[in-house]
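Text of the file start_27.csv, holding CSV, C-alpha atoms and all ligand atoms:
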chain,number,residue,atom,x,y,z
A,1,MET,CA,91.0,131.2,97.4
A,2,ARG,CA,92.5,130.5,100.8
A,3,SER,CA,90.7,127.1,101.0
A,4,ILE,CA,92.0,126.1,97.5
A,5,TRP,CA,95.5,126.9,98.7
A,6,ASN,CA,95.1,125.0,101.9
A,7,ASN,CA,93.8,122.0,100.1
A,8,PHE,CA,96.7,122.1,97.7
A,9,LEU,CA,99.2,122.3,100.5
A,10,ARG,CA,97.5,119.5,102.5
A,11,GLN,CA,97.6,117.3,99.4
A,12,LYS,CA,101.3,118.0,98.9
A,13,VAL,CA,102.1,117.2,102.5
A,14,ARG,CA,100.0,114.0,102.3
A,15,SER,CA,101.9,113.0,99.2
A,16,VAL,CA,105.3,113.5,100.8
A,17,TYR,CA,104.1,111.7,103.9
A,18,ARG,CA,103.0,108.7,101.8
A,19,LEU,CA,106.4,108.6,100.1
A,20,ILE,CA,108.2,108.5,103.5
A,21,GLU,CA,105.8,105.8,104.7
A,22,GLY,CA,106.5,103.8,101.6
A,23,LEU,CA,110.3,104.1,102.1
A,24,LYS,CA,110.0,103.0,105.7
A,25,GLY,CA,108.0,99.9,104.4
A,26,PHE,CA,110.6,99.1,101.8
A,27,LEU,CA,113.4,99.4,104.3
A,28,TYR,CA,111.5,97.2,106.8
A,29,ASP,CA,110.9,94.6,104.1
A,30,TYR,CA,114.6,94.7,103.1
A,31,LYS,CA,115.6,94.3,106.8
A,32,ARG,CA,113.4,91.3,107.1
A,33,PHE,CA,114.9,89.8,103.9
A,34,PHE,CA,118.3,90.5,105.4
A,35,LEU,CA,117.5,88.9,108.7
A,36,TYR,CA,115.3,86.0,107.7
A,37,GLY,CA,115.7,85.4,103.9
A,38,GLY,CA,117.4,82.3,102.6
A,39,TRP,CA,120.1,84.3,100.8
A,40,LYS,CA,122.8,83.0,103.3
A,41,GLU,CA,121.9,79.5,102.0
A,42,ASP,CA,122.7,77.8,105.3
A,43,LEU,CA,122.1,74.3,104.1
A,44,TYR,CA,122.6,72.9,107.6
A,45,GLU,CA,119.4,74.7,108.7
A,46,TYR,CA,116.6,72.2,108.1
A,47,GLU,CA,113.9,74.5,106.6
A,48,THR,CA,116.3,76.5,104.4
A,49,ARG,CA,117.8,73.3,103.0
A,50,ASN,CA,114.4,71.8,102.3
A,51,TYR,CA,113.2,74.9,100.4
A,52,ASN,CA,116.6,75.0,98.6
A,53,LEU,CA,116.4,71.3,97.7
A,54,ALA,CA,112.9,71.9,96.2
A,55,MET,CA,114.5,74.1,93.6
A,56,ALA,CA,117.1,71.5,92.7
A,57,TYR,CA,114.9,68.5,92.5
A,58,HIS,CA,112.1,70.4,90.7
A,59,GLY,CA,114.7,71.0,87.9
A,60,LEU,CA,115.0,67.2,87.7
A,61,GLU,CA,111.2,66.7,87.8
A,62,LYS,CA,110.9,69.0,84.9
A,63,SER,CA,113.6,67.2,83.0
A,64,LEU,CA,111.7,63.9,83.7
A,65,SER,CA,108.4,65.3,82.5
A,66,TYR,CA,109.4,66.4,78.9
A,67,LYS,CA,108.0,64.2,76.1
A,68,ARG,CA,111.4,64.3,74.3
A,69,ARG,CA,114.0,65.0,77.0
A,70,ASP,CA,117.6,65.7,76.3
A,71,PRO,CA,119.4,62.6,77.6
A,72,LYS,CA,122.3,64.6,78.7
A,73,SER,CA,120.3,67.1,80.8
A,74,GLY,CA,119.8,67.1,84.5
A,75,TRP,CA,123.2,66.2,85.8
A,76,SER,CA,124.0,69.5,87.4
A,77,ASN,CA,120.7,69.4,89.3
A,78,ALA,CA,121.5,65.8,90.3
A,79,GLU,CA,124.8,67.0,91.8
A,80,ARG,CA,123.0,69.8,93.7
A,81,VAL,CA,120.5,67.3,95.1
A,82,ILE,CA,123.2,64.8,96.2
A,83,PHE,CA,125.3,67.5,97.8
A,84,ARG,CA,122.2,68.7,99.9
A,85,LEU,CA,121.2,65.1,100.7
A,86,LYS,CA,124.7,64.5,102.1
A,87,ILE,CA,124.2,67.4,104.4
A,88,ALA,CA,120.8,66.1,105.4
A,89,LYS,CA,122.4,62.8,106.3
A,90,LYS,CA,125.0,64.5,108.4
A,91,THR,CA,122.3,66.4,110.3
A,92,LYS,CA,120.2,63.2,110.6
A,93,GLU,CA,117.1,65.3,110.0
A,94,PHE,CA,115.1,64.6,106.8
A,95,GLY,CA,112.3,66.9,105.8
A,96,TYR,CA,109.5,66.6,103.2
A,97,HIS,CA,111.6,68.0,100.4
A,98,ASP,CA,114.6,65.9,101.4
A,99,VAL,CA,112.6,62.7,101.0
A,100,ALA,CA,110.9,63.8,97.8
A,101,ALA,CA,114.3,64.8,96.3
A,102,SER,CA,115.8,61.4,97.0
A,103,GLN,CA,112.9,59.7,95.2
A,104,VAL,CA,113.2,62.0,92.2
A,105,LEU,CA,116.9,61.6,92.0
A,106,TYR,CA,116.5,57.8,92.1
A,107,LYS,CA,114.1,58.0,89.2
A,108,PHE,CA,116.5,60.2,87.3
A,109,LEU,CA,119.5,57.9,87.9
A,110,THR,CA,117.6,54.8,86.9
A,111,LEU,CA,116.5,56.2,83.5
A,112,PRO,CA,117.8,53.9,80.7
A,113,ALA,CA,120.0,56.7,79.5
A,114,ASN,CA,121.6,57.2,82.9
A,115,LYS,CA,121.7,53.9,84.6
A,116,ASP,CA,125.2,52.9,83.4
A,117,ASN,CA,126.7,56.3,84.1
A,118,PRO,CA,129.6,55.7,86.7
A,119,ARG,CA,128.9,58.9,88.6
A,120,GLY,CA,125.2,58.0,88.6
A,121,LYS,CA,126.1,54.6,90.1
A,122,GLU,CA,128.0,56.4,92.9
A,123,MET,CA,125.0,58.5,93.6
A,124,LEU,CA,122.7,55.5,93.7
A,125,SER,CA,124.8,53.7,96.2
A,126,PHE,CA,124.7,56.8,98.4
A,127,LEU,CA,120.9,57.0,98.1
A,128,GLU,CA,120.7,53.4,99.2
A,129,THR,CA,122.4,54.4,102.5
A,130,LEU,CA,119.7,56.9,103.2
A,131,ASP,CA,116.9,54.3,103.0
A,132,LEU,CA,114.2,57.0,102.7
A,133,PHE,CA,110.6,56.0,101.9
A,134,SER,CA,107.8,58.1,100.5
A,135,SER,CA,104.2,56.9,99.9
A,136,GLU,CA,103.7,59.6,97.3
A,137,THR,CA,104.8,59.5,93.6
A,138,HIS,CA,107.4,62.1,92.9
A,139,GLY,CA,109.1,62.8,89.6
A,140,SER,CA,106.7,62.8,86.6
A,141,ILE,CA,103.3,61.2,86.1
A,142,GLU,CA,101.0,60.6,83.1
A,143,LYS,CA,97.8,62.7,82.7
A,144,THR,CA,95.4,62.4,79.8
A,145,ASN,CA,93.2,65.2,78.4
A,146,LEU,CA,90.3,63.4,80.3
A,147,ASP,CA,92.2,63.9,83.5
A,148,PHE,CA,92.4,67.6,82.8
A,149,ALA,CA,88.7,67.7,81.9
A,150,GLN,CA,87.9,66.7,85.4
A,151,GLY,CA,88.5,70.3,86.4
A,152,GLN,CA,85.7,71.5,84.1
A,153,ILE,CA,82.6,72.8,85.9
A,154,PRO,CA,79.4,72.9,83.9
A,155,ASN,CA,78.7,76.6,84.8
A,156,PRO,CA,81.9,78.3,85.9
A,157,GLU,CA,80.0,81.6,86.1
A,158,SER,CA,77.8,80.2,88.9
A,159,PHE,CA,81.0,79.3,90.9
A,160,PHE,CA,83.0,82.5,90.3
A,161,LEU,CA,80.2,85.0,90.3
A,162,SER,CA,78.6,83.7,93.5
A,163,ARG,CA,81.6,84.5,95.7
A,164,TYR,CA,81.3,87.7,97.6
A,165,SER,CA,83.2,88.9,100.6
A,166,LEU,CA,81.0,88.3,103.5
A,167,ARG,CA,81.5,90.2,106.7
A,168,GLU,CA,78.7,89.0,109.0
A,169,TYR,CA,78.3,85.2,109.4
A,170,ARG,CA,75.7,82.8,110.8
A,171,PRO,CA,76.0,83.4,114.5
A,172,ASN,CA,77.3,80.8,117.0
A,173,GLN,CA,78.6,78.5,114.3
A,174,ILE,CA,82.3,77.8,114.2
A,175,VAL,CA,83.8,75.9,111.2
A,176,ASP,CA,85.2,72.6,112.6
A,177,ILE,CA,88.9,71.7,112.4
A,178,GLU,CA,88.4,68.9,109.9
A,179,THR,CA,86.8,71.3,107.5
A,180,VAL,CA,89.5,73.8,108.1
A,181,GLU,CA,92.1,71.2,107.3
A,182,ARG,CA,90.2,70.2,104.1
A,183,VAL,CA,90.2,73.8,103.0
A,184,ILE,CA,93.9,74.2,103.5
A,185,ARG,CA,94.6,70.9,101.8
A,186,LEU,CA,92.6,72.0,98.7
A,187,ALA,CA,94.4,75.4,98.7
A,188,MET,CA,97.7,73.7,98.8
A,189,LYS,CA,97.3,72.7,95.2
A,190,THR,CA,98.2,76.3,94.4
A,191,PRO,CA,101.3,76.6,92.3
A,192,SER,CA,104.4,78.1,93.9
A,193,VAL,CA,107.8,79.0,92.6
A,194,CYS,CA,109.7,75.7,92.0
A,195,ASN,CA,107.0,74.1,94.1
A,196,ARG,CA,108.6,75.4,97.3
A,197,GLN,CA,105.2,75.7,99.0
A,198,GLU,CA,106.5,78.2,101.5
A,199,TRP,CA,103.1,78.9,103.0
A,200,HIS,CA,102.1,78.8,106.6
A,201,VAL,CA,98.6,79.4,107.9
A,202,TYR,CA,97.8,80.4,111.5
A,203,HIS,CA,94.2,79.5,112.4
A,204,SER,CA,92.0,80.4,115.3
A,205,ASP,CA,88.4,79.9,116.3
A,206,THR,CA,88.9,81.3,119.8
A,207,ARG,CA,87.1,84.6,120.4
A,208,GLU,CA,89.8,86.1,122.5
A,209,THR,CA,92.6,85.2,120.1
A,210,ILE,CA,90.6,86.4,117.0
A,211,ASP,CA,89.8,89.7,118.8
A,212,LEU,CA,93.5,90.2,119.7
A,213,ALA,CA,94.7,89.6,116.2
A,214,LEU,CA,92.0,91.9,114.7
A,215,LYS,CA,93.0,94.7,117.1
A,216,PHE,CA,96.0,95.2,114.8
A,217,GLN,CA,94.1,95.1,111.5
A,218,ASN,CA,92.4,98.2,110.3
A,219,GLY,CA,89.6,97.0,108.1
A,220,ASN,CA,87.4,94.8,110.3
A,221,LYS,CA,85.2,97.4,112.0
A,222,PRO,CA,82.4,96.9,113.0
A,223,PHE,CA,82.1,93.2,112.1
A,224,GLY,CA,85.4,91.8,113.4
A,225,ASN,CA,84.2,90.9,116.8
A,226,LYS,CA,81.7,88.4,115.3
A,227,ILE,CA,84.0,86.6,112.9
A,228,PRO,CA,83.9,82.9,113.9
A,229,ASN,CA,87.1,81.7,112.3
A,230,LEU,CA,90.3,83.5,111.3
A,231,PHE,CA,93.3,82.6,109.2
A,232,ILE,CA,96.5,84.6,109.2
A,233,VAL,CA,98.2,83.6,105.9
A,234,THR,CA,102.0,83.9,105.9
A,235,THR,CA,104.9,82.9,103.7
A,236,ASP,CA,108.4,81.9,104.8
A,237,LEU,CA,111.2,84.2,103.8
A,238,LYS,CA,113.7,81.4,104.3
A,239,ALA,CA,112.5,80.0,101.0
A,240,PHE,CA,113.9,82.8,99.0
A,241,PHE,CA,117.6,82.9,98.0
A,242,ALA,CA,118.3,85.3,95.1
A,243,GLY,CA,117.9,89.0,95.6
A,244,SER,CA,115.6,89.1,92.6
A,245,GLU,CA,113.2,87.0,94.5
A,246,HIS,CA,112.5,89.7,97.0
A,247,TYR,CA,108.8,90.0,95.9
A,248,GLN,CA,108.2,86.3,95.3
A,249,HIS,CA,106.8,85.6,98.7
A,250,TRP,CA,104.0,88.2,98.2
A,251,ILE,CA,103.2,86.6,94.8
A,252,ASP,CA,103.0,83.0,96.1
A,253,GLY,CA,101.2,84.1,99.2
A,254,GLY,CA,98.6,86.1,97.2
A,255,LEU,CA,97.9,83.1,95.0
A,256,PHE,CA,97.6,80.8,98.0
A,257,SER,CA,95.2,83.2,99.8
A,258,MET,CA,92.9,83.3,96.8
A,259,SER,CA,92.9,79.6,96.6
A,260,ILE,CA,91.9,79.5,100.3
A,261,MET,CA,89.0,81.7,99.5
A,262,TYR,CA,87.9,79.7,96.5
A,263,ALA,CA,88.3,76.4,98.5
A,264,LEU,CA,86.0,77.9,101.2
A,265,HIS,CA,83.5,79.0,98.6
A,266,SER,CA,83.6,75.6,96.9
A,267,ILE,CA,82.2,73.9,100.1
A,268,GLY,CA,79.6,76.5,100.9
A,269,LEU,CA,81.6,78.7,103.3
A,270,ALA,CA,82.0,82.5,103.0
A,271,SER,CA,85.0,84.6,103.7
A,272,CYS,CA,86.4,88.1,103.8
A,273,PRO,CA,90.1,88.9,103.0
A,274,LEU,CA,91.5,91.4,105.5
A,275,ASN,CA,94.4,93.4,104.4
A,276,TRP,CA,97.8,93.4,106.0
A,277,SER,CA,99.2,96.5,104.2
A,278,GLN,CA,100.5,97.6,107.5
A,279,THR,CA,103.2,99.8,108.9
A,280,PRO,CA,106.4,98.3,110.3
A,281,LYS,CA,105.1,99.4,113.7
A,282,ALA,CA,101.9,97.4,113.4
A,283,ASP,CA,103.7,94.4,112.0
A,284,LYS,CA,106.1,94.4,115.0
A,285,ALA,CA,103.2,94.9,117.4
A,286,ILE,CA,101.2,91.9,116.2
A,287,ARG,CA,104.4,89.7,116.5
A,288,LYS,CA,104.7,90.8,120.1
A,289,ALA,CA,101.2,89.7,120.8
A,290,LEU,CA,100.9,86.5,118.8
A,291,ASP,CA,103.2,83.6,118.2
A,292,ILE,CA,104.1,84.2,114.6
A,293,LYS,CA,107.5,83.0,113.5
A,294,ASP,CA,110.0,85.7,112.6
A,295,SER,CA,110.7,84.5,109.1
A,296,HIS,CA,106.9,84.3,108.3
A,297,THR,CA,105.7,87.4,106.4
A,298,ILE,CA,102.0,88.1,106.9
A,299,MET,CA,100.1,88.3,103.6
A,300,MET,CA,96.7,88.9,104.9
A,301,MET,CA,94.1,87.7,107.3
A,302,ILE,CA,90.9,85.9,106.1
A,303,GLY,CA,87.8,85.9,108.2
A,304,PHE,CA,85.4,83.0,107.4
A,305,GLY,CA,82.3,81.2,108.5
A,306,TYR,CA,78.9,80.0,107.4
A,307,PRO,CA,76.7,82.4,105.5
A,308,ASP,CA,73.4,83.3,107.3
A,309,LYS,CA,70.0,82.5,105.7
A,310,ASP,CA,69.8,86.1,104.5
A,311,ASN,CA,72.9,88.3,104.0
A,312,LYS,CA,73.8,91.7,102.7
A,313,VAL,CA,77.0,92.2,100.7
A,314,CYS,CA,78.7,95.0,98.8
A,315,SER,CA,77.8,94.6,95.2
A,316,SER,CA,81.5,95.5,94.3
A,317,THR,CA,80.8,95.4,90.5
A,318,ARG,CA,83.6,94.8,88.1
A,319,ARG,CA,85.2,97.1,85.5
A,320,PRO,CA,84.4,96.6,81.8
A,321,ILE,CA,86.5,93.9,80.1
A,322,ASN,CA,88.1,96.4,77.7
A,323,GLU,CA,89.7,98.2,80.6
A,324,VAL,CA,91.4,95.0,81.8
A,325,LEU,CA,92.2,93.0,78.7
A,326,SER,CA,94.0,94.2,75.6
A,327,ASN,CA,95.9,92.7,72.7
A,328,LEU,CA,99.7,92.7,73.4
A,329,GLN,CA,101.5,94.7,70.7
A,330,LYS,CA,105.1,95.1,69.8
A,331,LYS,CA,106.5,98.6,70.5
A,401,LIG,C1,94.0,91.7,100.0
A,401,LIG,C2,92.7,92.2,100.3
A,401,LIG,C3,92.5,92.9,101.5
A,401,LIG,C4,91.2,93.3,101.8
A,401,LIG,N1,91.0,93.9,103.0
A,401,LIG,C5,89.7,94.2,103.4
A,401,LIG,C6,89.5,94.7,104.7
A,401,LIG,O1,90.5,95.0,105.5
A,401,LIG,N2,88.3,94.9,105.1
A,401,LIG,C7,87.2,94.6,104.3
A,401,LIG,O2,86.0,94.8,104.8
A,401,LIG,N3,87.3,94.1,103.1
A,401,LIG,C8,88.6,93.9,102.6
A,401,LIG,N4,88.8,93.3,101.4
A,401,LIG,C9,87.6,92.9,100.6
A,401,LIG,C10,87.4,93.8,99.4
A,401,LIG,O3,86.8,95.0,99.7
A,401,LIG,C11,86.5,93.0,98.4
A,401,LIG,O4,87.2,91.8,98.0
A,401,LIG,C12,86.2,93.8,97.1
A,401,LIG,O5,85.4,94.9,97.4
A,401,LIG,C13,85.6,92.9,96.0
A,401,LIG,O6,84.4,92.4,96.5
A,401,LIG,P1,84.1,90.8,96.5
A,401,LIG,O7,85.2,90.2,97.3
A,401,LIG,O8,82.8,90.7,97.2
A,401,LIG,O9,84.0,90.4,95.1
A,401,LIG,C14,90.1,93.0,101.0
A,401,LIG,C15,90.3,92.3,99.8
A,401,LIG,C16,91.6,91.9,99.4
A,401,LIG,C17,91.8,91.1,98.2
Can the structure in the file be given as structure tokens, please?
Ligand SMILES: Cc1cc2nc3c(=O)[nH]c(=O)nc-3n(C[C@H](O)[C@H](O)[C@H](O)COP(=O)(O)O)c2cc1C
Amino acid sequence: MRSIWNNFLRQKVRSVYRLIEGLKGFLYDYKRFFLYGGWKEDLYEYETRNYNLAMAYHGLEKSLSYKRRDPKSGWSNAERVIFRLKIAKKTKEFGYHDVAASQVLYKFLTLPANKDNPRGKEMLSFLETLDLFSSETHGSIEKTNLDFAQGQIPNPESFFLSRYSLREYRPNQIVDIETVERVIRLAMKTPSVCNRQEWHVYHSDTRETIDLALKFQNGNKPFGNKIPNLFIVTTDLKAFFAGSEHYQHWIDGGLFSMSIMYALHSIGLASCPLNWSQTPKADKAIRKALDIKDSHTIMMMIGFGYPDKDNKVCSSTRRPINEVLSNLQKK
């Protein structure tokens, strides 16, 4: 009887403790959003402006991509873009999104429906003063159904179902930096909100640095000290402006992390995601030990390397489909 009572009490105390821990986490996240989020919209700050500009020119890109576009649409985004580009010109610093925005705006202004617009002409002459060049094609591009079909793989099950989290890798073989860059380039095709691409990945293949990072992570025992390569995947809080976007960096960062793992898998490398569901104390501690930018929120770590000839993995079987998929009904 007494042990039932003790268990009941312990469980209640644990539940309250969890709620308090949760609250501390929410407050910490809120404080980080307050300190580093883009809500202040300081457009003279290079990174904030570039993320902000991505939102504005992406609106124009969408307008350019519709089969039957409204010829009157897009002007408010064009004004937003020009306003931000004027600031870029004042600061004399042009980032990736600044350059892309100028090209998209140029395409918008030279549309047959817009090219004689007097305000458009003013904007065009301003763009000419910037003289920005991009070797990429921004705006909209044509893609046939055959282009989309290039993504088909003959046996998707063989790709998806052969990925397992691997915790022990082929010894003494580090993944070289060219391959690491290839993986990140592939993963960067991940969609992000308004194409802001607010990701940043910290990579190490140095034993001492990996061990130091993993000291703060609580799911890598007893295999962490043999992980050959480590990513710390982060997203930049500066890219988020509206209060309603307070969770968006977790979403974009989660999608990106999964792409990294699939990119690794697609070229024969194995990985293990390592959670960063951490306390504020641990998050502050790792930032003291490692050079991670204040505005970068840690999503997770990913250990990776070459699979050995023979490996053992958790089978981690999946729930039945009827528990995961259902028909959406009206209430
Ligand atoms: C965000 C995230 C965090 C994870 N953290 C850990 C971890 O700290 N340690 C670990 O050994 N596995 C970790 N895993 C791996 C999961 O245990 C594994 O993905 C799950 O059991 C499914 O197995 P599979 O990846 O082999 O399909 C994590 C997975 C995810 C998605």
Closest of A:Phe148, A:His246, A:Gly305, A:Thr48 to A:Gln173 - atom-to-atom distances counting only C-alpha atoms: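 Checking each candidate against A:Gln173, we get A:Gly305 as the closest.
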Counting all atoms listed in the file, the residue among A:Leu19, A:Leu132, A:Leu60, A:Leu274 that lies closest to A:Gly219 is A:Leu274
Excluding same-chain residues fewer than 6 positions from A:Pro112, what lies within 12 Å of it counting all atoms listed in the file, as a PDB file with C-alpha atoms, in the coordinates of the input?
ATOM      1  CA  PRO A  71     119.400  62.600  77.600  1.00  0.00           C
ATOM      2  CA  LYS A  72     122.300  64.600  78.700  1.00  0.00           C
ATOM      3  CA  GLY A 120     125.200  58.000  88.600  1.00  0.00           C
TER       4      GLY A 120
END
Considering only C-alpha atoms, can you say which of A:Asp291, A:Glu47, A:Tyr30, A:Ser162 comes closest to A:Glu93? A:Glu47
Taking only C-alpha atoms and all ligand atoms into account, which residues are within 12 Å of ligand LIG 401 (chain A), as a PyMOL selection string? chain A and resi 160-168+214-224+227+232-233+250-251+253-262+265+270-278+298-303+312-319
Ranking A:Lys40, A:Arg49, A:Arg2, A:Lys293 by minimum distance to A:Gly95 and counting all atoms listed in the file, which one comes first?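 Checking each of A:Lys40, A:Arg49, A:Arg2, A:Lys293 against A:Gly95, counting all atoms listed in the file, the winner is A:Arg49.
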